[in-house]
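The file run.txt contains compact mmCIF, C-alpha atoms and all ligand atoms:
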# COMPACT_ATOMS: atom_id res chain seq x y z
CA MET A 1 48.50 19.81 4.65
CA ASN A 2 45.44 21.74 5.47
CA SER A 3 43.19 21.14 2.47
CA THR A 4 42.62 24.85 2.01
CA ILE A 5 46.35 25.48 1.47
CA SER A 6 46.97 25.74 -2.22
CA PRO A 7 48.80 27.97 -4.64
CA TYR A 8 45.41 29.45 -5.46
CA THR A 9 43.84 30.28 -2.09
CA ASP A 10 43.00 33.80 -3.27
CA HIS A 11 40.82 32.51 -6.10
CA PRO A 12 37.09 33.42 -5.88
CA PRO A 13 34.81 30.45 -5.13
CA PRO A 14 32.74 28.77 -7.85
CA ILE A 15 29.01 29.43 -8.28
CA CYS A 16 27.40 26.63 -6.27
CA SER A 17 24.14 26.84 -4.36
CA VAL A 18 24.55 23.41 -2.70
CA PRO A 19 26.53 23.53 0.56
CA PRO A 20 29.53 21.16 0.63
CA ARG A 21 29.39 18.06 2.81
CA GLN A 22 31.07 18.15 6.18
CA SER A 23 34.36 16.28 6.63
CA GLY A 24 34.57 12.48 6.94
CA PRO A 25 35.13 9.62 4.53
CA THR A 26 33.50 9.98 1.09
CA VAL A 27 32.71 6.90 -0.96
CA LEU A 28 33.85 7.57 -4.52
CA ARG A 29 32.99 5.39 -7.49
CA SER A 30 35.25 4.50 -10.38
CA LEU A 31 34.77 6.37 -13.62
CA GLN A 32 33.50 4.73 -16.79
CA LEU A 33 34.75 5.90 -20.20
CA GLY A 34 32.79 3.50 -22.42
CA PRO A 35 34.51 0.11 -22.08
CA MET A 36 37.31 1.61 -19.97
CA THR A 37 37.16 1.80 -16.19
CA ILE A 38 39.20 4.52 -14.46
CA GLU A 39 39.62 3.37 -10.87
CA PHE A 40 39.33 6.82 -9.22
CA PRO A 41 37.20 9.75 -10.44
CA VAL A 42 39.79 12.56 -10.11
CA VAL A 43 41.82 12.90 -13.31
CA GLN A 44 44.37 15.30 -14.74
CA ALA A 45 43.10 17.67 -17.44
CA ALA A 46 44.62 18.45 -20.80
CA LEU A 47 46.84 21.50 -20.25
CA SER A 48 48.43 23.16 -23.23
CA GLY A 49 52.04 24.09 -22.47
CA TYR A 50 52.08 21.78 -19.44
CA SER A 51 50.63 18.25 -19.71
CA ASP A 52 53.56 16.75 -21.58
CA GLY A 53 54.84 13.23 -20.87
CA PRO A 54 56.89 14.19 -17.78
CA MET A 55 54.00 16.04 -16.13
CA ARG A 56 51.64 13.16 -16.87
CA ILE A 57 54.05 10.60 -15.43
CA ILE A 58 54.55 12.62 -12.23
CA ALA A 59 50.77 12.95 -11.86
CA ARG A 60 50.36 9.17 -12.29
CA ARG A 61 53.10 8.44 -9.74
CA LEU A 62 51.33 10.74 -7.27
CA GLY A 63 47.89 9.19 -7.65
CA ALA A 64 46.21 10.46 -10.84
CA PRO A 65 44.39 7.46 -12.38
CA TYR A 66 44.17 9.03 -15.87
CA THR A 67 45.76 11.99 -17.60
CA LEU A 68 45.39 13.83 -20.88
CA GLY A 69 48.07 15.23 -23.15
CA GLU A 70 48.21 18.82 -24.34
CA VAL A 71 45.74 19.66 -27.08
CA LYS A 72 47.14 19.08 -30.59
CA ILE A 73 45.89 20.75 -33.74
CA ASP A 74 44.88 18.04 -36.24
CA ARG A 75 46.74 19.63 -39.16
CA PHE A 76 49.90 19.97 -37.05
CA LEU A 77 49.79 16.26 -36.23
CA LEU A 78 49.17 15.28 -39.83
CA ASP A 79 52.06 17.42 -41.12
CA LEU A 80 54.52 16.34 -38.41
CA LYS A 81 57.49 14.38 -39.77
CA ASP A 82 58.98 11.59 -37.69
CA ARG A 83 62.17 13.26 -36.47
CA PRO A 84 64.05 12.78 -33.19
CA GLN A 85 63.22 16.34 -32.10
CA THR A 86 59.45 15.95 -32.71
CA ARG A 87 59.06 12.41 -31.44
CA HIS A 88 58.08 13.57 -27.93
CA HIS A 89 54.69 14.69 -29.33
CA PHE A 90 53.80 11.02 -29.87
CA ARG A 91 55.66 9.43 -26.97
CA VAL A 92 53.53 7.44 -24.53
CA THR A 93 55.33 5.44 -21.86
CA ASP A 94 54.11 2.14 -20.40
CA GLU A 95 53.37 3.56 -16.96
CA GLU A 96 51.05 6.25 -18.37
CA HIS A 97 48.20 4.00 -19.49
CA PRO A 98 45.38 4.85 -19.58
CA VAL A 99 46.18 8.21 -21.18
CA GLY A 100 44.13 10.41 -23.48
CA GLY A 101 45.22 12.41 -26.52
CA GLN A 102 43.30 15.56 -27.32
CA LEU A 103 42.54 17.00 -30.76
CA MET A 104 41.40 20.40 -31.97
CA GLY A 105 40.71 21.55 -35.51
CA SER A 106 38.28 23.26 -37.83
CA ASP A 107 37.65 20.75 -40.62
CA PRO A 108 35.71 17.56 -39.82
CA ASN A 109 37.59 15.79 -42.65
CA GLU A 110 40.95 16.10 -40.86
CA PHE A 111 39.95 14.69 -37.47
CA GLY A 112 39.79 11.02 -38.44
CA ALA A 113 43.35 10.73 -39.75
CA ALA A 114 44.74 12.77 -36.86
CA ALA A 115 42.86 10.62 -34.33
CA ARG A 116 44.25 7.44 -35.91
CA LYS A 117 47.76 8.89 -35.60
CA LEU A 118 47.25 9.41 -31.86
CA VAL A 119 45.91 5.87 -31.46
CA ALA A 120 48.90 4.47 -33.36
CA ALA A 121 51.17 6.40 -30.97
CA GLY A 122 49.56 4.60 -28.01
CA PHE A 123 46.91 7.00 -26.70
CA ASP A 124 44.04 5.02 -25.20
CA VAL A 125 41.30 7.66 -25.53
CA ILE A 126 40.66 10.39 -28.11
CA ASP A 127 39.31 13.60 -26.62
CA ILE A 128 37.88 16.35 -28.87
CA ASN A 129 38.34 19.96 -27.79
CA PHE A 130 35.27 22.20 -28.08
CA GLY A 131 36.45 24.52 -25.33
CA CYS A 132 39.62 26.41 -26.15
CA PRO A 133 38.83 30.15 -25.85
CA THR A 134 42.08 31.65 -27.16
CA LYS A 135 41.97 34.22 -29.93
CA THR A 136 43.93 31.97 -32.29
CA ALA A 137 41.65 28.97 -31.67
CA VAL A 138 38.37 30.87 -31.98
CA GLY A 139 39.70 33.01 -34.86
CA GLY A 140 40.74 29.81 -36.65
CA CYS A 141 37.24 28.27 -36.13
CA ARG A 142 38.61 25.68 -33.70
CA GLY A 143 38.07 24.72 -30.05
CA GLY A 144 35.33 26.75 -28.36
CA TYR A 145 34.21 28.17 -31.72
CA HIS A 146 32.43 24.89 -32.47
CA LEU A 147 29.90 25.62 -29.71
CA SER A 148 28.44 28.18 -32.13
CA GLN A 149 27.95 25.63 -34.95
CA PRO A 150 26.42 22.41 -33.59
CA GLU A 151 26.11 20.67 -36.95
CA VAL A 152 29.83 21.01 -37.72
CA ALA A 153 30.66 20.01 -34.14
CA LEU A 154 28.58 16.85 -34.45
CA GLU A 155 30.10 16.06 -37.84
CA ILE A 156 33.52 16.17 -36.16
CA VAL A 157 32.27 13.78 -33.49
CA SER A 158 30.92 11.35 -36.10
CA ARG A 159 34.07 11.42 -38.21
CA THR A 160 36.29 10.84 -35.20
CA ARG A 161 34.13 8.04 -33.79
CA GLU A 162 34.07 6.27 -37.16
CA ALA A 163 37.82 6.62 -37.62
CA VAL A 164 39.08 4.88 -34.48
CA PRO A 165 38.54 1.27 -33.32
CA ALA A 166 35.46 0.58 -31.20
CA HIS A 167 37.53 -0.20 -28.08
CA ILE A 168 39.02 3.33 -28.11
CA PRO A 169 36.67 5.69 -26.26
CA VAL A 170 36.03 9.05 -27.91
CA THR A 171 35.30 11.78 -25.38
CA LEU A 172 34.52 15.49 -25.56
CA LYS A 173 35.59 18.61 -23.70
CA MET A 174 33.15 21.54 -23.80
CA ARG A 175 32.68 24.86 -22.13
CA ARG A 176 29.14 25.63 -20.94
CA GLY A 177 28.55 27.76 -24.05
CA ILE A 178 29.90 30.61 -26.11
CA ASP A 179 28.23 33.13 -23.80
CA ASP A 180 25.27 33.43 -21.42
CA SER A 181 22.57 33.75 -24.11
CA PRO A 182 19.63 31.27 -24.30
CA MET A 183 20.75 30.35 -27.85
CA SER A 184 24.19 29.39 -26.60
CA ARG A 185 22.62 27.22 -23.92
CA ASP A 186 20.35 25.45 -26.45
CA ARG A 187 23.33 24.77 -28.67
CA PHE A 188 25.28 23.35 -25.74
CA PHE A 189 22.58 20.77 -24.99
CA HIS A 190 22.10 20.03 -28.69
CA ILE A 191 25.80 19.16 -29.00
CA LEU A 192 25.82 17.25 -25.70
CA ASP A 193 22.86 15.04 -26.64
CA GLY A 194 23.99 14.62 -30.24
CA ALA A 195 27.49 13.62 -29.19
CA PHE A 196 26.22 10.92 -26.84
CA ASP A 197 23.88 9.67 -29.62
CA ARG A 198 26.95 9.40 -31.90
CA GLY A 199 28.80 7.20 -29.43
CA VAL A 200 30.85 9.59 -27.30
CA ALA A 201 31.79 7.82 -24.04
CA ALA A 202 32.04 10.82 -21.72
CA ILE A 203 31.88 14.60 -21.77
CA THR A 204 33.91 16.97 -19.62
CA VAL A 205 32.17 20.29 -19.04
CA HIS A 206 34.08 23.40 -17.99
CA GLY A 207 31.62 25.64 -16.14
CA ARG A 208 32.82 28.86 -17.81
CA THR A 209 31.77 30.28 -21.18
CA VAL A 210 34.18 30.82 -24.08
CA GLU A 211 33.58 34.56 -23.71
CA GLN A 212 34.59 34.33 -20.03
CA LYS A 213 37.97 32.73 -20.84
CA TYR A 214 39.39 32.28 -17.30
CA VAL A 215 37.80 35.35 -15.72
CA GLY A 216 35.20 34.87 -13.00
CA PRO A 217 33.95 31.73 -11.34
CA SER A 218 33.08 28.38 -12.86
CA ASN A 219 29.35 27.65 -12.64
CA TRP A 220 28.96 24.41 -10.71
CA ASP A 221 25.15 24.79 -10.63
CA PHE A 222 25.27 24.37 -14.41
CA LEU A 223 27.34 21.20 -14.00
CA ARG A 224 24.69 19.79 -11.66
CA GLU A 225 22.02 20.56 -14.24
CA VAL A 226 24.08 18.88 -16.99
CA LYS A 227 24.54 15.73 -14.92
CA ARG A 228 20.83 15.58 -14.13
CA HIS A 229 20.09 16.00 -17.86
CA ALA A 230 22.63 13.33 -18.91
CA GLY A 231 21.31 10.66 -16.50
CA ALA A 232 23.53 7.57 -16.59
CA LYS A 233 25.92 9.03 -19.19
CA THR A 234 29.39 9.94 -17.90
CA ILE A 235 29.94 13.63 -17.14
CA LEU A 236 33.14 15.11 -15.72
CA GLY A 237 33.29 18.61 -14.29
CA SER A 238 35.96 21.25 -14.69
CA GLY A 239 36.62 24.67 -13.24
CA ASP A 240 37.92 26.03 -9.96
CA LEU A 241 39.48 22.77 -8.73
CA PHE A 242 42.37 24.32 -6.85
CA THR A 243 42.36 22.11 -3.75
CA ALA A 244 41.70 18.48 -2.90
CA GLN A 245 38.64 19.62 -0.95
CA ALA A 246 37.30 21.43 -4.03
CA CYS A 247 37.54 18.17 -6.00
CA LEU A 248 35.46 16.33 -3.41
CA ASP A 249 33.03 19.26 -3.17
CA MET A 250 32.45 19.28 -6.94
CA LEU A 251 31.75 15.53 -6.90
CA THR A 252 29.33 15.69 -3.99
CA CYS A 253 27.63 19.03 -4.80
CA THR A 254 27.07 18.52 -8.53
CA GLY A 255 26.76 14.72 -8.81
CA VAL A 256 29.20 14.58 -11.75
CA ASP A 257 30.89 11.22 -12.26
CA GLY A 258 34.41 12.60 -12.29
CA VAL A 259 36.41 15.79 -11.99
CA SER A 260 39.23 17.09 -14.17
CA VAL A 261 41.97 18.93 -12.27
CA ALA A 262 43.68 21.64 -14.35
CA ARG A 263 45.47 24.67 -12.86
CA GLY A 264 45.25 23.04 -9.43
CA ALA A 265 47.71 20.37 -10.61
CA ILE A 266 50.30 22.76 -12.10
CA GLY A 267 52.98 22.97 -9.43
CA ASN A 268 50.97 20.78 -7.04
CA PRO A 269 50.86 17.22 -8.41
CA TRP A 270 50.31 16.06 -4.80
CA ILE A 271 46.67 17.16 -5.21
CA PHE A 272 45.87 13.65 -6.51
CA GLN A 273 47.27 11.97 -3.38
CA GLN A 274 45.53 14.56 -1.24
CA VAL A 275 42.08 13.84 -2.69
CA ARG A 276 42.59 10.15 -1.97
CA GLN A 277 43.59 11.01 1.62
CA LEU A 278 40.58 13.29 2.14
CA ALA A 279 38.18 10.77 0.58
CA ALA A 280 39.50 8.17 3.05
CA GLY A 281 38.69 10.56 5.92
CA LEU A 282 42.38 11.33 6.53
CA PRO A 283 43.93 14.79 6.77
CA CYS A 284 45.65 16.09 3.63
CA ARG A 285 49.42 15.80 3.82
CA PHE A 286 51.58 18.72 2.73
CA PRO A 287 54.75 17.71 0.78
CA SER A 288 57.96 18.45 2.67
CA LEU A 289 60.68 20.49 0.95
CA THR A 290 62.60 17.25 0.44
CA GLU A 291 59.62 15.69 -1.33
CA GLN A 292 59.15 18.82 -3.44
CA ARG A 293 62.81 18.70 -4.44
CA GLN A 294 62.62 14.98 -5.29
CA ILE A 295 59.67 15.55 -7.60
CA LEU A 296 61.27 18.59 -9.25
CA GLU A 297 64.46 16.59 -9.90
CA MET A 298 62.44 13.62 -11.15
CA GLN A 299 60.51 15.79 -13.57
CA TYR A 300 63.71 17.41 -14.85
CA GLN A 301 65.20 13.98 -15.50
CA LEU A 302 62.02 12.87 -17.29
CA CYS A 303 62.20 16.01 -19.47
CA LEU A 304 65.72 15.05 -20.50
CA GLU A 305 64.77 11.44 -21.21
CA LEU A 306 61.32 11.83 -22.77
CA GLY A 307 60.60 15.44 -23.60
CA ASP A 308 62.26 17.92 -25.89
CA ALA A 309 65.67 17.65 -24.17
CA ARG A 310 66.94 20.90 -25.73
CA ARG A 311 64.18 22.75 -23.92
CA ALA A 312 64.38 20.89 -20.59
CA SER A 313 65.75 23.90 -18.67
CA ALA A 314 63.17 26.31 -20.07
CA THR A 315 60.34 23.83 -19.47
CA MET A 316 61.41 23.17 -15.90
CA ARG A 317 61.81 26.89 -15.17
CA LYS A 318 58.14 27.30 -16.09
CA PHE A 319 57.08 24.41 -13.83
CA ALA A 320 59.40 25.31 -10.94
CA ILE A 321 57.97 28.84 -10.76
CA LYS A 322 54.59 27.18 -10.10
CA PHE A 323 56.04 24.70 -7.58
CA ALA A 324 57.50 27.72 -5.72
CA GLN A 325 53.97 28.55 -4.61
CA LEU A 326 54.19 25.68 -2.09
CA HIS A 327 57.47 27.01 -0.63
CA PRO A 328 57.43 29.11 2.57
CA HIS A 329 59.67 31.67 0.80
CA GLU A 330 57.56 31.71 -2.34
CA ILE A 331 58.64 35.06 -3.80
CA ASP A 332 62.39 34.49 -3.29
CA VAL A 333 62.23 30.98 -4.71
CA ARG A 334 60.10 32.03 -7.67
CA ASN A 335 62.54 34.85 -8.49
CA ALA A 336 65.51 32.50 -8.15
CA PHE A 337 63.95 29.98 -10.56
CA ALA A 338 63.00 32.78 -12.96
CA ARG A 339 66.64 33.92 -13.09
CA ALA A 340 68.08 30.41 -13.63
CA GLN A 341 69.30 30.24 -17.23
CA SER A 342 71.04 26.85 -17.29
CA ALA A 343 70.67 23.39 -15.81
CA THR A 344 73.50 24.16 -13.38
CA GLU A 345 71.83 27.35 -12.15
CA TRP A 346 68.51 25.54 -11.83
CA HIS A 347 70.10 22.82 -9.68
CA THR A 348 71.81 25.50 -7.59
CA VAL A 349 68.39 26.99 -6.78
CA LEU A 350 67.25 23.55 -5.65
CA ALA A 351 70.35 23.06 -3.50
CA THR A 352 69.92 26.52 -1.93
CA TRP A 353 66.20 26.59 -1.24
CA TYR A 354 65.23 22.92 -0.91
CA ALA A 355 68.00 21.73 1.41
CA PRO A 356 66.63 19.33 4.04
C1 LIG B 1 47.50 26.91 -19.16
C2 LIG B 1 46.23 26.18 -19.51
C3 LIG B 1 46.21 25.30 -20.58
C4 LIG B 1 45.04 24.61 -20.91
N1 LIG B 1 45.06 23.72 -21.94
C5 LIG B 1 43.97 22.99 -22.23
C6 LIG B 1 43.99 22.00 -23.25
O1 LIG B 1 45.01 21.76 -23.90
N2 LIG B 1 42.84 21.32 -23.48
C7 LIG B 1 41.69 21.54 -22.75
O2 LIG B 1 40.67 20.87 -22.99
N3 LIG B 1 41.65 22.45 -21.78
C8 LIG B 1 42.75 23.18 -21.50
N4 LIG B 1 42.71 24.09 -20.48
C9 LIG B 1 41.49 24.23 -19.69
C10 LIG B 1 41.55 23.33 -18.44
O3 LIG B 1 41.62 21.97 -18.78
C11 LIG B 1 40.35 23.57 -17.50
O4 LIG B 1 39.16 23.22 -18.18
C12 LIG B 1 40.26 25.00 -17.04
O5 LIG B 1 41.53 25.49 -16.65
C13 LIG B 1 39.29 25.14 -15.87
O6 LIG B 1 39.74 24.46 -14.74
P1 LIG B 1 40.45 25.24 -13.49
O7 LIG B 1 39.64 26.49 -13.23
O8 LIG B 1 40.37 24.22 -12.37
O9 LIG B 1 41.84 25.55 -13.92
C14 LIG B 1 43.87 24.82 -20.16
C15 LIG B 1 43.89 25.71 -19.09
C16 LIG B 1 45.04 26.39 -18.76
C17 LIG B 1 45.03 27.33 -17.59

Let me see whether you can do it: turn the structure in this file into structure tokens.
Ligand SMILES: Cc1cc2nc3c(=O)[nH]c(=O)nc-3n(C[C@H](O)[C@H](O)[C@H](O)COP(=O)(O)O)c2cc1C
Amino acid sequence: MNSTISPYTDHPPPICSVPPRQSGPTVLRSLQLGPMTIEFPVVQAALSGYSDGPMRIIARRLGAPYTLGEVKIDRFLLDLKDRPQTRHHFRVTDEEHPVGGQLMGSDPNEFGAAARKLVAAGFDVIDINFGCPTKTAVGGCRGGYHLSQPEVALEIVSRTREAVPAHIPVTLKMRRGIDDSPMSRDRFFHILDGAFDRGVAAITVHGRTVEQKYVGPSNWDFLREVKRHAGAKTILGSGDLFTAQACLDMLTCTGVDGVSVARGAIGNPWIFQQVRQLAAGLPCRFPSLTEQRQILEMQYQLCLELGDARRASATMRKFAIKFAQLHPHEIDVRNAFARAQSATEWHTVLATWYAP
């Protein structure tokens, strides 16, 4: 696969004043999350509505060294009863380790108990979300809202760090601020420094503001500045990682220790293999239709076994529409998946459009 081929080729480029390196092998270092070593620095982000167990397992099988589950609201986790139909929220399979669980909430007092619940379920890292820009999150004083109140944000960090065993890294996900104001920037660095002082093992920075949501480019120049500021502390970058080449470019242009692939992995889990190929100086390989079909079938099966089985068809319709972007007849295939109402119809689309 040509590294520029991606479902998102029409996306505007990030803000980055450093020219990317020319092709050739790139030496990449492992990633350190406190006591935990992640062998390759390109990980899969937390993705609400997507990064469930099946997606995480597929990413691992295709080369992701570490993945994160969908963000969970602390209160939701604390209120959740142990029932067969809710058990998938806590399910972590052996092949997923190391895997992170992400928390979001408004009240520092609730984070500790919720974090312990994730650790008991088997999550190896607790990640705190200070980035979510949705109306419900910000309106509920959660996620990105905390970037406007550093003292509460740091209280959440302290409570979470105190609540989980020392061998469990606590990490943070932040946007680069609420908006572009100097006050927002000061608060960002106040939280960043304070969080490291309170024992956070790594911070992932998304180079967009909360106000920006997903509109406009991610600011990679800001990521470079953050890494320079943080020195030896672990910083991961996020934003506009739609191709394997973009992952390598972010690493080399900004100096961050790792990168967190988000939308670029939805419908293209091969991106993790592709970064490894590019880093080794090899061309990126494009998955054949047979390989695409195998992975779609595998993910469906995993949804039945590990996810919310009643929703397997609906979940896989959502994913398959994204996978269609790699198909030469993208529009037809996307429409066919969108129309599929049952497992049988979904498998018929596969048989029709992904025949060898
Ligand atoms: C559908 C969707 C769901 C997301 N869910 C989460 C989440 O649960 N936790 C989180 O920290 N970030 C979440 N994000 C943000 C991504 O992890 C990432 O920071 C952002 O998409 C920027 O990267 P990209 O431009 O490469 O997609 C989500 C993004 C999208 C598009």

Would you write out, as a tab-separated table, a table of all residues in region 217-239 of chain A that have an atom no more than 12 Å from an atom of region 167-171 of chain A, listing for each the closest atom pair and the distance in Å to one decimal, considering all atoms listed in the file and ordering rows by chain and rising residue number?
residue	atom	partner	partner_atom	distance
A:Lys233	CA	A:Thr171	CA	11.6
A:Thr234	CA	A:Thr171	CA	9.7
A:Ile235	CA	A:Thr171	CA	10.0
A:Leu236	CA	A:Thr171	CA	10.4

Please measure the separation of CA of His206 (chain A) and CA of Arg175 (chain A), giving the value in Å to one decimal.
4.6 Å

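Counting all atoms listed in the file and comparing A:Val27, A:Ile156, A:Ile203, A:Val261, the residue that lies closest to ligand LIG 1 (chain B) is A:Val261.
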
Counting all atoms listed in the file, name the residues that have an atom within 7 Å of an atom of ligand LIG 1 (chain B); the answer should be given as number ranges by chain.
A: 45-50, 70-71, 102, 129, 131-132, 173, 206, 218, 238-242, 261-264

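Excluding Gln301 (chain A) itself and same-chain residues fewer than 3 positions from it, the residues having an atom within 12 Å of it are A:Gly53, A:Pro54, A:Met55, A:Ile57, A:Ile58, A:Gln294, A:Ile295, A:Leu296, A:Glu297, A:Met298, A:Leu304, A:Glu305, A:Leu306, A:Gly307, A:Asp308, A:Ala309, A:Ala312, A:Ser313, A:Thr315, A:Met316, A:Ala343, A:His347, counting only C-alpha atoms.
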
Point out the residue among A:Gly144, A:Pro65, A:Gly216, A:Gly267 with the least atom-to-atom distance to Gln325 (chain A), counting only C-alpha atoms.
A:Gly267

How many Å lie between CA of Leu103 (chain A) and CA of Thr209 (chain A), rounded to one decimal?
19.6 Å

Could you name the residues that touch Asn109 (chain A) at 12 Å or less, counting all atoms listed in the file, but leaving out those on the same chain fewer than 4 positions away, as a ChimeraX atom specification?
/A:74-75,78,105,113-115,152-153,155-160,162-163

Please return the centre and edge lengths, in Å to one decimal, of a box with edges along x, y and z that contains all listed atoms of region 117-120 of chain A, widened by 6 Å on every side, as lines of an AutoDock Vina configuration file.
center_x = 47.4
center_y = 6.9
center_z = -33.5
size_x = 15.0
size_y = 16.9
size_z = 16.1

Hey, which of A:Ile321, A:Cys16, A:Leu33, A:Leu62 ends up closest to Gln273 (chain A)? Count all atoms listed in the file.
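Under the stated criterion, the closest residue is A:Leu62.
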
Spatial sel., origin (30.8, 28.1, -3.2), limit 12 Å, all atoms listed in the file, listed as a PyMOL selection string
chain A and resi 11-21+217-221+240-241+245-246+249-250+253-254

Closest to Val164 (chain A) among A:Arg116, A:Arg339, A:Arg87, A:Lys135, using all atoms listed in the file?
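Going through A:Arg116, A:Arg339, A:Arg87, A:Lys135 one by one, the smallest distance to Val164 (chain A) is for A:Arg116.
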
In the coordinates of the file, take the point (33.8, 14.1, -6.6) and a cut-off of 10 Å; then, counting only C-alpha atoms, name each qualifying protein, DNA or RNA residue as JSON, numbers by chain.
{"A": [26, 27, 28, 29, 40, 41, 42, 236, 237, 244, 245, 246, 247, 248, 249, 250, 251, 252, 253, 254, 255, 256, 257, 258, 259, 260, 275, 279]}

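Between Arg276 (chain A) and the residues A:Leu118, A:Ile128, A:Met183, A:Val43, the shortest atom-to-atom distance, using only C-alpha atoms, involves A:Val43.
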
Nearest to Met36 (chain A): which of A:Val92, A:Ile126, A:Ala201, A:Leu192 is it, counting all atoms listed in the file?
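Looking only at the distances to Met36 (chain A), the closest residue turns out to be A:Ala201.
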
Please report the interatomic distance between CA of Arg185 (chain A) and CA of Gly101 (chain A) in Å with one decimal.
27.1 Å
